[in-house]
file run26.pdb (PDB, C-alpha atoms and all ligand atoms)
MODEL        1
ATOM      1  CA  MET T   1     -35.727  28.729  46.358
ATOM      2  CA  SER T   2     -35.253  25.701  48.573
ATOM      3  CA  VAL T   3     -36.538  25.154  52.091
ATOM      4  CA  VAL T   4     -33.544  24.499  54.336
ATOM      5  CA  ILE T   5     -34.148  22.237  57.329
ATOM      6  CA  SER T   6     -31.681  21.229  60.063
ATOM      7  CA  LEU T   7     -32.177  17.976  61.935
ATOM      8  CA  LEU T   8     -30.805  18.746  65.351
ATOM      9  CA  ASN T   9     -30.639  17.285  68.815
ATOM     10  CA  HIS T  10     -27.335  17.364  70.682
ATOM     11  CA  LYS T  11     -28.334  14.120  72.348
ATOM     12  CA  GLY T  12     -26.725  11.271  70.403
ATOM     13  CA  GLY T  13     -28.486   8.368  68.708
ATOM     14  CA  VAL T  14     -32.004   9.828  68.560
ATOM     15  CA  GLY T  15     -32.522   9.282  64.826
ATOM     16  CA  LYS T  16     -31.132  12.450  63.197
ATOM     17  CA  THR T  17     -29.215  10.665  60.462
ATOM     18  CA  THR T  18     -31.873   7.996  59.867
ATOM     19  CA  SER T  19     -34.429  10.785  59.536
ATOM     20  CA  ALA T  20     -32.259  12.923  57.245
ATOM     21  CA  ILE T  21     -31.749  10.058  54.804
ATOM     22  CA  ASN T  22     -35.299   8.746  54.821
ATOM     23  CA  ILE T  23     -37.134  12.068  54.913
ATOM     24  CA  GLY T  24     -34.897  13.030  51.979
ATOM     25  CA  ALA T  25     -35.691   9.845  50.063
ATOM     26  CA  GLY T  26     -39.375  10.197  51.016
ATOM     27  CA  LEU T  27     -39.501  13.741  49.631
ATOM     28  CA  VAL T  28     -37.982  12.434  46.381
ATOM     29  CA  LYS T  29     -40.775   9.826  46.229
ATOM     30  CA  HIS T  30     -43.218  12.731  46.396
ATOM     31  CA  GLY T  31     -41.516  14.321  43.374
ATOM     32  CA  LYS T  32     -39.186  16.783  45.125
ATOM     33  CA  ARG T  33     -35.536  17.567  44.412
ATOM     34  CA  VAL T  34     -33.472  17.111  47.549
ATOM     35  CA  LEU T  35     -29.957  17.870  48.762
ATOM     36  CA  LEU T  36     -28.688  16.239  51.957
ATOM     37  CA  ILE T  37     -25.740  17.861  53.710
ATOM     38  CA  ASP T  38     -23.752  15.636  56.055
ATOM     39  CA  LEU T  39     -22.434  18.121  58.622
ATOM     40  CA  ASP T  40     -21.312  15.479  61.122
ATOM     41  CA  PRO T  41     -17.627  14.505  61.385
ATOM     42  CA  GLN T  42     -18.816  10.957  62.157
ATOM     43  CA  ALA T  43     -19.971  10.957  58.496
ATOM     44  CA  ASN T  44     -22.734   8.473  59.331
ATOM     45  CA  LEU T  45     -24.998   9.734  56.561
ATOM     46  CA  THR T  46     -22.232   9.461  53.968
ATOM     47  CA  LEU T  47     -21.249   5.985  55.160
ATOM     48  CA  SER T  48     -24.858   4.780  55.454
ATOM     49  CA  LEU T  49     -25.354   5.499  51.773
ATOM     50  CA  GLY T  50     -22.031   3.880  50.872
ATOM     51  CA  ILE T  51     -20.676   6.977  49.169
ATOM     52  CA  PRO T  52     -16.924   6.690  48.506
ATOM     53  CA  ARG T  53     -14.506   9.387  49.715
ATOM     54  CA  GLN T  54     -14.991  12.457  47.556
ATOM     55  CA  LYS T  55     -12.231  14.865  46.586
ATOM     56  CA  SER T  56     -14.313  17.744  47.847
ATOM     57  CA  THR T  57     -16.391  17.145  50.974
ATOM     58  CA  ILE T  58     -18.092  19.571  53.336
ATOM     59  CA  TYR T  59     -14.707  19.896  55.051
ATOM     60  CA  GLU T  60     -12.853  21.275  52.027
ATOM     61  CA  ALA T  61     -15.822  23.528  51.269
ATOM     62  CA  MET T  62     -15.988  24.944  54.815
ATOM     63  CA  ARG T  63     -12.254  25.668  54.621
ATOM     64  CA  GLY T  64     -12.821  27.705  51.472
ATOM     65  CA  GLU T  65     -10.936  25.293  49.227
ATOM     66  CA  SER T  66     -13.927  24.379  47.051
ATOM     67  CA  GLU T  67     -17.608  24.979  46.480
ATOM     68  CA  LEU T  68     -20.232  22.471  47.584
ATOM     69  CA  GLU T  69     -19.854  19.512  45.255
ATOM     70  CA  PRO T  70     -22.796  17.145  45.757
ATOM     71  CA  PHE T  71     -22.682  13.450  44.885
ATOM     72  CA  GLU T  72     -25.743  12.104  43.073
ATOM     73  CA  VAL T  73     -27.143   9.060  44.896
ATOM     74  CA  GLN T  74     -30.165   8.733  42.636
ATOM     75  CA  GLU T  75     -32.155  11.046  40.404
ATOM     76  CA  ASN T  76     -33.232  14.086  42.468
ATOM     77  CA  LEU T  77     -31.283  13.004  45.563
ATOM     78  CA  GLU T  78     -27.792  14.433  46.090
ATOM     79  CA  VAL T  79     -25.450  14.453  49.065
ATOM     80  CA  VAL T  80     -22.678  16.760  50.208
ATOM     81  CA  THR T  81     -20.496  14.224  51.966
ATOM     82  CA  SER T  82     -18.500  14.452  55.180
ATOM     83  CA  VAL T  83     -15.208  13.057  56.481
ATOM     84  CA  LEU T  84     -13.643  12.580  59.871
ATOM     85  CA  ASP T  85     -11.318  15.553  59.129
ATOM     86  CA  LEU T  86     -14.337  17.770  59.702
ATOM     87  CA  SER T  87     -13.804  17.258  63.439
ATOM     88  CA  GLY T  88     -10.868  19.664  63.141
ATOM     89  CA  ALA T  89     -12.927  22.348  61.431
ATOM     90  CA  GLU T  90     -14.353  23.867  64.596
ATOM     91  CA  MET T  91     -10.845  24.693  65.840
ATOM     92  CA  GLU T  92      -9.487  25.678  62.444
ATOM     93  CA  LEU T  93     -12.277  28.160  61.751
ATOM     94  CA  ILE T  94     -12.446  29.684  65.207
ATOM     95  CA  ASN T  95     -10.685  32.913  64.189
ATOM     96  CA  GLU T  96     -12.339  33.234  60.796
ATOM     97  CA  ALA T  97     -14.434  36.401  60.322
ATOM     98  CA  GLY T  98     -18.082  35.517  59.775
ATOM     99  CA  ARG T  99     -17.403  31.956  60.857
ATOM    100  CA  GLU T 100     -21.088  31.316  61.670
ATOM    101  CA  PHE T 101     -22.114  32.046  58.080
ATOM    102  CA  ILE T 102     -19.699  29.905  56.085
ATOM    103  CA  LEU T 103     -22.260  27.219  55.244
ATOM    104  CA  ARG T 104     -24.948  29.746  54.363
ATOM    105  CA  GLU T 105     -22.642  31.367  51.813
ATOM    106  CA  LEU T 106     -21.871  27.971  50.319
ATOM    107  CA  ILE T 107     -25.552  27.043  50.037
ATOM    108  CA  ASP T 108     -26.710  30.371  48.536
ATOM    109  CA  PRO T 109     -25.490  29.825  44.947
ATOM    110  CA  ILE T 110     -27.026  26.331  44.659
ATOM    111  CA  SER T 111     -30.175  26.914  46.674
ATOM    112  CA  HIS T 112     -32.348  27.196  43.554
ATOM    113  CA  ASP T 113     -31.376  23.739  42.338
ATOM    114  CA  TYR T 114     -33.432  21.967  45.044
ATOM    115  CA  ASP T 115     -36.852  22.020  46.686
ATOM    116  CA  TYR T 116     -35.459  20.906  50.049
ATOM    117  CA  ILE T 117     -32.010  21.001  51.616
ATOM    118  CA  ILE T 118     -31.683  18.849  54.728
ATOM    119  CA  ILE T 119     -28.741  19.227  57.076
ATOM    120  CA  ASP T 120     -27.757  16.313  59.308
ATOM    121  CA  CYS T 121     -26.159  17.927  62.380
ATOM    122  CA  PRO T 122     -23.586  16.402  64.723
ATOM    123  CA  PRO T 123     -24.659  15.621  68.306
ATOM    124  CA  SER T 124     -23.176  18.862  69.663
ATOM    125  CA  LEU T 125     -23.915  22.572  69.800
ATOM    126  CA  GLY T 126     -20.602  23.895  68.456
ATOM    127  CA  LEU T 127     -19.637  25.950  65.413
ATOM    128  CA  LEU T 128     -20.801  23.361  62.869
ATOM    129  CA  THR T 129     -24.277  23.334  64.385
ATOM    130  CA  LEU T 130     -24.313  27.143  64.507
ATOM    131  CA  ASN T 131     -23.537  27.115  60.777
ATOM    132  CA  ALA T 132     -26.483  24.779  60.214
ATOM    133  CA  LEU T 133     -28.788  27.065  62.198
ATOM    134  CA  THR T 134     -27.805  30.266  60.396
ATOM    135  CA  SER T 135     -28.430  28.463  57.076
ATOM    136  CA  SER T 136     -31.862  27.084  57.985
ATOM    137  CA  ARG T 137     -35.458  28.213  57.871
ATOM    138  CA  TYR T 138     -36.534  25.355  60.140
ATOM    139  CA  VAL T 139     -35.072  23.135  62.840
ATOM    140  CA  TYR T 140     -36.665  19.724  63.245
ATOM    141  CA  ILE T 141     -35.908  17.993  66.531
ATOM    142  CA  PRO T 142     -35.974  14.182  66.542
ATOM    143  CA  LEU T 143     -36.787  12.822  69.994
ATOM    144  CA  GLN T 144     -36.467   9.183  70.919
ATOM    145  CA  THR T 145     -39.619   8.152  72.802
ATOM    146  CA  GLN T 146     -37.598   6.858  75.753
ATOM    147  CA  PHE T 147     -36.737   7.887  79.283
ATOM    148  CA  LEU T 148     -34.747  11.172  79.319
ATOM    149  CA  ALA T 149     -36.001  12.163  75.860
ATOM    150  CA  MET T 150     -36.598  15.715  77.070
ATOM    151  CA  GLN T 151     -33.364  16.048  78.984
ATOM    152  CA  GLY T 152     -31.192  18.833  77.591
ATOM    153  CA  LEU T 153     -33.998  20.386  75.566
ATOM    154  CA  ALA T 154     -33.945  23.636  77.535
ATOM    155  CA  LYS T 155     -30.340  24.147  76.435
ATOM    156  CA  LEU T 156     -31.214  23.328  72.834
ATOM    157  CA  LYS T 157     -34.082  25.832  72.849
ATOM    158  CA  GLN T 158     -31.797  28.459  74.363
ATOM    159  CA  VAL T 159     -29.259  28.045  71.553
ATOM    160  CA  ILE T 160     -31.972  28.193  68.888
ATOM    161  CA  ASP T 161     -33.456  31.347  70.481
ATOM    162  CA  LYS T 162     -30.046  33.022  70.610
ATOM    163  CA  VAL T 163     -29.353  32.232  66.967
ATOM    164  CA  ARG T 164     -32.764  33.605  66.002
ATOM    165  CA  PHE T 165     -32.145  36.788  67.996
ATOM    166  CA  ARG T 166     -28.590  37.465  66.856
ATOM    167  CA  LEU T 167     -27.932  35.698  63.574
ATOM    168  CA  ASN T 168     -31.020  34.408  61.736
ATOM    169  CA  LYS T 169     -34.403  36.064  62.361
ATOM    170  CA  LYS T 170     -36.230  33.550  60.192
ATOM    171  CA  LEU T 171     -35.200  30.470  62.150
ATOM    172  CA  GLU T 172     -38.068  28.486  63.661
ATOM    173  CA  ILE T 173     -38.566  25.158  65.388
ATOM    174  CA  GLY T 174     -40.622  23.763  62.527
ATOM    175  CA  GLY T 175     -41.272  20.299  63.868
ATOM    176  CA  VAL T 176     -40.601  17.629  66.432
ATOM    177  CA  ILE T 177     -40.271  14.027  65.280
ATOM    178  CA  ALA T 178     -41.038  11.201  67.704
ATOM    179  CA  THR T 179     -38.717   8.320  66.790
ATOM    180  CA  MET T 180     -38.303   4.631  67.659
ATOM    181  CA  TYR T 181     -41.884   4.524  68.906
ATOM    182  CA  ASP T 182     -43.423   1.278  70.154
ATOM    183  CA  HIS T 183     -47.115   1.668  70.956
ATOM    184  CA  ARG T 184     -47.078  -1.507  73.092
ATOM    185  CA  LYS T 185     -44.803   0.145  75.637
ATOM    186  CA  VAL T 186     -46.468   2.302  78.265
ATOM    187  CA  LEU T 187     -43.255   4.272  78.681
ATOM    188  CA  ASN T 188     -43.200   5.179  74.959
ATOM    189  CA  ARG T 189     -46.818   6.342  75.088
ATOM    190  CA  ASP T 190     -46.160   8.387  78.232
ATOM    191  CA  VAL T 191     -43.118  10.053  76.686
ATOM    192  CA  VAL T 192     -45.094  10.985  73.567
ATOM    193  CA  GLU T 193     -47.733  12.566  75.792
ATOM    194  CA  THR T 194     -45.050  14.610  77.565
ATOM    195  CA  ILE T 195     -43.539  15.669  74.236
ATOM    196  CA  ARG T 196     -46.990  16.745  72.964
ATOM    197  CA  LYS T 197     -47.647  18.737  76.147
ATOM    198  CA  TYR T 198     -44.377  20.601  75.738
ATOM    199  CA  PHE T 199     -44.307  21.174  71.967
ATOM    200  CA  GLY T 200     -48.037  21.124  71.095
ATOM    201  CA  ASP T 201     -48.804  20.935  67.388
ATOM    202  CA  LYS T 202     -45.128  21.262  66.473
ATOM    203  CA  VAL T 203     -45.019  17.491  66.966
ATOM    204  CA  PHE T 204     -45.625  15.731  63.660
ATOM    205  CA  LYS T 205     -48.688  13.467  63.643
ATOM    206  CA  THR T 206     -46.604  10.773  61.982
ATOM    207  CA  MET T 207     -44.499   8.964  64.547
ATOM    208  CA  ILE T 208     -41.555   6.879  63.397
ATOM    209  CA  ARG T 209     -42.012   3.391  64.780
ATOM    210  CA  ASP T 210     -39.235   1.251  66.127
ATOM    211  CA  ASN T 211     -38.478  -0.823  63.032
ATOM    212  CA  VAL T 212     -35.498  -3.082  62.508
ATOM    213  CA  ALA T 213     -35.450  -2.453  58.740
ATOM    214  CA  LEU T 214     -34.471   1.164  59.474
ATOM    215  CA  ALA T 215     -31.414  -0.085  61.357
ATOM    216  CA  GLU T 216     -30.568  -2.660  58.663
ATOM    217  CA  ALA T 217     -30.803  -0.446  55.578
ATOM    218  CA  PRO T 218     -27.497   1.427  56.248
ATOM    219  CA  ALA T 219     -25.595  -1.890  56.184
ATOM    220  CA  LYS T 220     -26.864  -2.324  52.623
ATOM    221  CA  HIS T 221     -25.971   1.302  51.850
ATOM    222  CA  VAL T 222     -29.493   2.246  50.845
ATOM    223  CA  ASP T 223     -32.488   4.216  52.082
ATOM    224  CA  ILE T 224     -35.507   2.441  53.574
ATOM    225  CA  PHE T 225     -37.517   2.555  50.333
ATOM    226  CA  SER T 226     -34.841   0.693  48.396
ATOM    227  CA  TYR T 227     -34.221  -1.713  51.272
ATOM    228  CA  ASN T 228     -37.801  -2.657  52.145
ATOM    229  CA  GLY T 229     -40.529  -0.522  50.621
ATOM    230  CA  SER T 230     -43.308  -2.304  52.525
ATOM    231  CA  SER T 231     -41.717  -1.987  55.993
ATOM    232  CA  ASN T 232     -43.245   0.175  58.700
ATOM    233  CA  GLY T 233     -40.157   2.363  58.450
ATOM    234  CA  ALA T 234     -40.858   3.071  54.776
ATOM    235  CA  LYS T 235     -44.549   3.754  55.484
ATOM    236  CA  ASP T 236     -43.730   6.127  58.347
ATOM    237  CA  TYR T 237     -41.078   8.152  56.527
ATOM    238  CA  LEU T 238     -43.250   8.437  53.409
ATOM    239  CA  ALA T 239     -46.117   9.759  55.542
ATOM    240  CA  LEU T 240     -43.772  12.108  57.407
ATOM    241  CA  ALA T 241     -42.395  13.479  54.113
ATOM    242  CA  GLN T 242     -45.962  14.164  52.980
ATOM    243  CA  GLU T 243     -46.697  15.969  56.237
ATOM    244  CA  ILE T 244     -43.531  18.039  55.830
ATOM    245  CA  ILE T 245     -44.563  19.072  52.320
ATOM    246  CA  LEU T 246     -48.002  20.163  53.549
ATOM    247  CA  ARG T 247     -46.529  22.012  56.505
ATOM    248  CA  THR T 248     -43.830  23.854  54.580
ATOM    249  CA  GLU T 249     -45.891  24.663  51.489
ATOM    250  CA  GLU T 250     -48.645  26.129  53.652
ATOM    251  CA  VAL T 251     -46.145  28.758  54.746
ATOM    252  CA  GLU T 252     -43.910  29.216  51.713
ATOM    253  CA  VAL T 253     -46.514  29.533  48.947
TER
HETATM  254  N1  LIG T 301     -37.087   4.018  64.020
HETATM  255  C1  LIG T 301     -36.016   3.255  64.256
HETATM  256  N2  LIG T 301     -36.165   1.952  64.556
HETATM  257  C2  LIG T 301     -35.085   1.176  64.838
HETATM  258  N3  LIG T 301     -33.818   1.620  64.821
HETATM  259  C3  LIG T 301     -33.592   2.918  64.530
HETATM  260  C4  LIG T 301     -34.678   3.801  64.235
HETATM  261  N4  LIG T 301     -34.158   5.026  63.977
HETATM  262  C5  LIG T 301     -32.826   4.914  64.117
HETATM  263  N5  LIG T 301     -32.471   3.656  64.447
HETATM  264  C6  LIG T 301     -31.107   3.171  64.753
HETATM  265  O1  LIG T 301     -30.682   3.822  65.940
HETATM  266  C7  LIG T 301     -29.309   4.201  65.851
HETATM  267  C8  LIG T 301     -29.164   5.711  65.995
HETATM  268  O2  LIG T 301     -29.824   6.357  64.913
HETATM  269  P1  LIG T 301     -29.146   7.566  64.123
HETATM  270  O3  LIG T 301     -27.748   7.246  63.737
HETATM  271  O4  LIG T 301     -30.097   7.973  63.063
HETATM  272  O5  LIG T 301     -29.136   8.659  65.286
HETATM  273  P2  LIG T 301     -28.366  10.063  65.319
HETATM  274  O6  LIG T 301     -29.206  10.970  66.163
HETATM  275  O7  LIG T 301     -28.041  10.520  63.956
HETATM  276  O8  LIG T 301     -27.032   9.657  66.093
HETATM  277  P3  LIG T 301     -25.728  10.603  66.297
HETATM  278  O9  LIG T 301     -26.115  11.562  67.365
HETATM  279  O10 LIG T 301     -24.642   9.662  66.715
HETATM  280  O11 LIG T 301     -25.453  11.275  64.996
HETATM  281  C9  LIG T 301     -28.843   3.678  64.514
HETATM  282  O12 LIG T 301     -28.250   2.420  64.690
HETATM  283  C10 LIG T 301     -30.112   3.560  63.686
HETATM  284  O13 LIG T 301     -30.007   2.576  62.680
HETATM  285 MG    MG T 302     -26.195  11.086  63.153
ENDMDL
END
call {"tool": "encode", "arguments": {"input": "run26.pdb", "output": "C-alpha cells"}}
result
Amino acid sequence: MSVVISLLNHKGGVGKTTSAINIGAGLVKHGKRVLLIDLDPQANLTLSLGIPRQKSTIYEAMRGESELEPFEVQENLEVVTSVLDLSGAEMELINEAGREFILRELIDPISHDYDYIIIDCPPSLGLLTLNALTSSRYVYIPLQTQFLAMQGLAKLKQVIDKVRFRLNKKLEIGGVIATMYDHRKVLNRDVVETIRKYFGDKVFKTMIRDNVALAEAPAKHVDIFSYNGSSNGAKDYLALAQEIILRTEEVEV
C-alpha cells in the first residue's frame, strides 16, 4: 500500500511543484517507487519534466473516460500528467455524485504499485484540491520563508480540518517544508522561527535553500539530481526525502 501525500498551499509560487518533483526523485534515489500526480491545470509539473501531451491525462481520468495512465519518466518514477483542459473540470464535475472522491477511486486500483504517491495541487482550495485531500494520508505544506508566508494559513487549516471531519478521518498535516531559505537574511531566519512556533515539530528539519539550480532544472526538463547532483538543491531534497521516509515509516510499519 502506498503512502499518499498532497503538497498543498493555496498561495502561489511557494515551491509545491518544485518539491513534488524533487521529493519524488529523491525518494527514488532512496530506492522507493514513486507516482507523481499533476493535479494542477497549469500543468507545471508535466511541463517541467518535458512530458509530451498524453492521450489520457488526469483530466480524461477525472471525467471517467479512462483510468490513470502514468507516463514513465525513469525507472521507479511515473507521472500522471495534466493539461490546461483540467481548468474546466471543477465546473464540469460540480453535479457529479461523489465528486470529492473521484481521484481516490482512480488511485485505489494502482495504489499497490508504488511506495509513495505525491499529488501536486493547484494554488486554490476548490474541487480538485478537495479530491487530493480525500485521497491523501498526509498534507505537506510548503512555505516560502518570506514576508506573508503565514498569511492565509488559517483558511488552509480550516479546509483540512473540515475534510478530516467530514470526508477523510485519516488526513493529517504530516509536514511543513520551509522553502527558498537564505540563512544570510534576517527576515528568512525570523520567518522560520515564526513557522516553527506555529507548527512545532511538524516542520521538517531539512530546509530547502534558495538555489538557482532548482529554478534552472525545469528548463532542461529534468529533476535536480539529473541537472546538478552536487547543488545545494539536490542535497536538500535528498535529505528531505530521507526525513520523509523516516517520518512515514515510523507510523506505517
Ligand atoms: N528553493 C528554490 N530556490 C530557487 N528557486 C526556487 C526554489 N523553489 C522553487 N523555485 C522557483 O520558484 C518558482 C515557484 O516555484 P513552484 O512552481 O515550485 O511553486 P508552486 O507553489 O508550485 O507554484 P504554483 O502555485 O503556481 O503552482 C519557480 O520558478 C521555481 O523554479
Ligand atoms: Mg505548482
call {"tool": "atom_distance", "arguments": {"input": "run26.pdb", "atom1": "atom CA of Ile177 of chain T", "atom2": "atom CA of Arg209 of chain T"}}
result
10.8 Å
call {"tool": "closest_residue", "arguments": {"input": "run26.pdb", "among": "T:Pro109, T:Gly98, T:Pro70, T:Pro123", "to": "ligand MG 302 (chain T)", "atoms": "only C-alpha atoms and all ligand atoms"}}
result
T:Pro123
call {"tool": "closest_residue", "arguments": {"input": "run26.pdb", "among": "T:Lys55, T:Asn95, T:Ser124, T:Arg247", "to": "ligand MG 302 (chain T)", "atoms": "only C-alpha atoms and all ligand atoms"}}
result
T:Ser124
call {"tool": "residues_near_ligand", "arguments": {"input": "run26.pdb", "ligand": "ligand MG 302 (chain T)", "cutoff": "10 Å", "atoms": "all atoms listed in the file", "output": "PyMOL selection string"}}
result
chain T and resi 7-20+38-45+120-123
call {"tool": "resolve_selection", "arguments": {"input": "run26.pdb", "expression": "the PyMOL selection byres (((chain T and resi 1) around 12) and not hetatm)", "output": "NGL selection string"}}
result
:T and (2-4 or 33-34 or 107-117 or 137 or 252-253)
call {"tool": "residues_around", "arguments": {"input": "run26.pdb", "residues": "Leu125 of chain T", "least_positions_apart": "4", "cutoff": "8 Å", "atoms": "all atoms listed in the file", "output": "MDAnalysis selection string"}}
result
chainID T and resid 10 129:130 156 159
call {"tool": "resolve_selection", "arguments": {"input": "run26.pdb", "expression": "the PyMOL selection byres (((chain T and resi 189-195) around 8) and not hetatm)", "output": "PyMOL selection string"}}
result
chain T and resi 145-147+149-150+178+182-183+185-188+196-200+203
call {"tool": "closest_residue", "arguments": {"input": "run26.pdb", "among": "T:Glu75, T:Met91, T:Arg164, T:Glu243", "to": "Lys32 of chain T", "atoms": "all atoms listed in the file"}}
result
T:Glu75
call {"tool": "closest_residue", "arguments": {"input": "run26.pdb", "among": "T:Ile21, T:Ala61, T:Ala154, T:Leu77", "to": "ligand LIG 301 (chain T)", "atoms": "all atoms listed in the file"}}
result
T:Ile21
call {"tool": "decode", "arguments": {"input": "run26.pdb", "residues": "segment 130-141 of chain T", "atoms": "N, CA and C atoms", "output": "CSV table (one decimal), in the first residue's frame"}}
result
chain,number,residue,atom,x,y,z
T,130,LEU,N,-9.9,19.4,-3.1
T,130,LEU,CA,-10.7,18.5,-2.2
T,130,LEU,C,-10.5,17.1,-2.6
T,131,ASN,N,-10.4,16.8,-3.9
T,131,ASN,CA,-10.1,15.4,-4.3
T,131,ASN,C,-8.7,14.9,-3.9
T,132,ALA,N,-7.8,15.9,-3.9
T,132,ALA,CA,-6.4,15.5,-3.4
T,132,ALA,C,-6.5,15.2,-1.9
T,133,LEU,N,-7.3,16.0,-1.1
T,133,LEU,CA,-7.3,15.8,0.3
T,133,LEU,C,-8.1,14.5,0.7
T,134,THR,N,-9.1,14.1,0.0
T,134,THR,CA,-9.8,12.9,0.3
T,134,THR,C,-9.0,11.7,-0.1
T,135,SER,N,-8.0,11.8,-1.0
T,135,SER,CA,-7.2,10.7,-1.4
T,135,SER,C,-5.9,10.5,-0.5
T,136,SER,N,-5.6,11.5,0.3
T,136,SER,CA,-4.3,11.5,1.0
T,136,SER,C,-4.3,11.1,2.4
T,137,ARG,N,-3.2,10.6,2.9
T,137,ARG,CA,-3.0,10.3,4.3
T,137,ARG,C,-2.4,11.5,4.9
T,138,TYR,N,-1.5,12.2,4.1
T,138,TYR,CA,-0.8,13.4,4.7
T,138,TYR,C,-0.9,14.6,3.7
T,139,VAL,N,-1.0,15.8,4.4
T,139,VAL,CA,-0.8,17.0,3.6
T,139,VAL,C,0.6,17.6,4.0
T,140,TYR,N,1.4,17.9,3.1
T,140,TYR,CA,2.6,18.7,3.4
T,140,TYR,C,2.4,20.1,2.9
T,141,ILE,N,2.8,21.1,3.7
T,141,ILE,CA,2.6,22.5,3.3
T,141,ILE,C,3.9,23.1,3.1
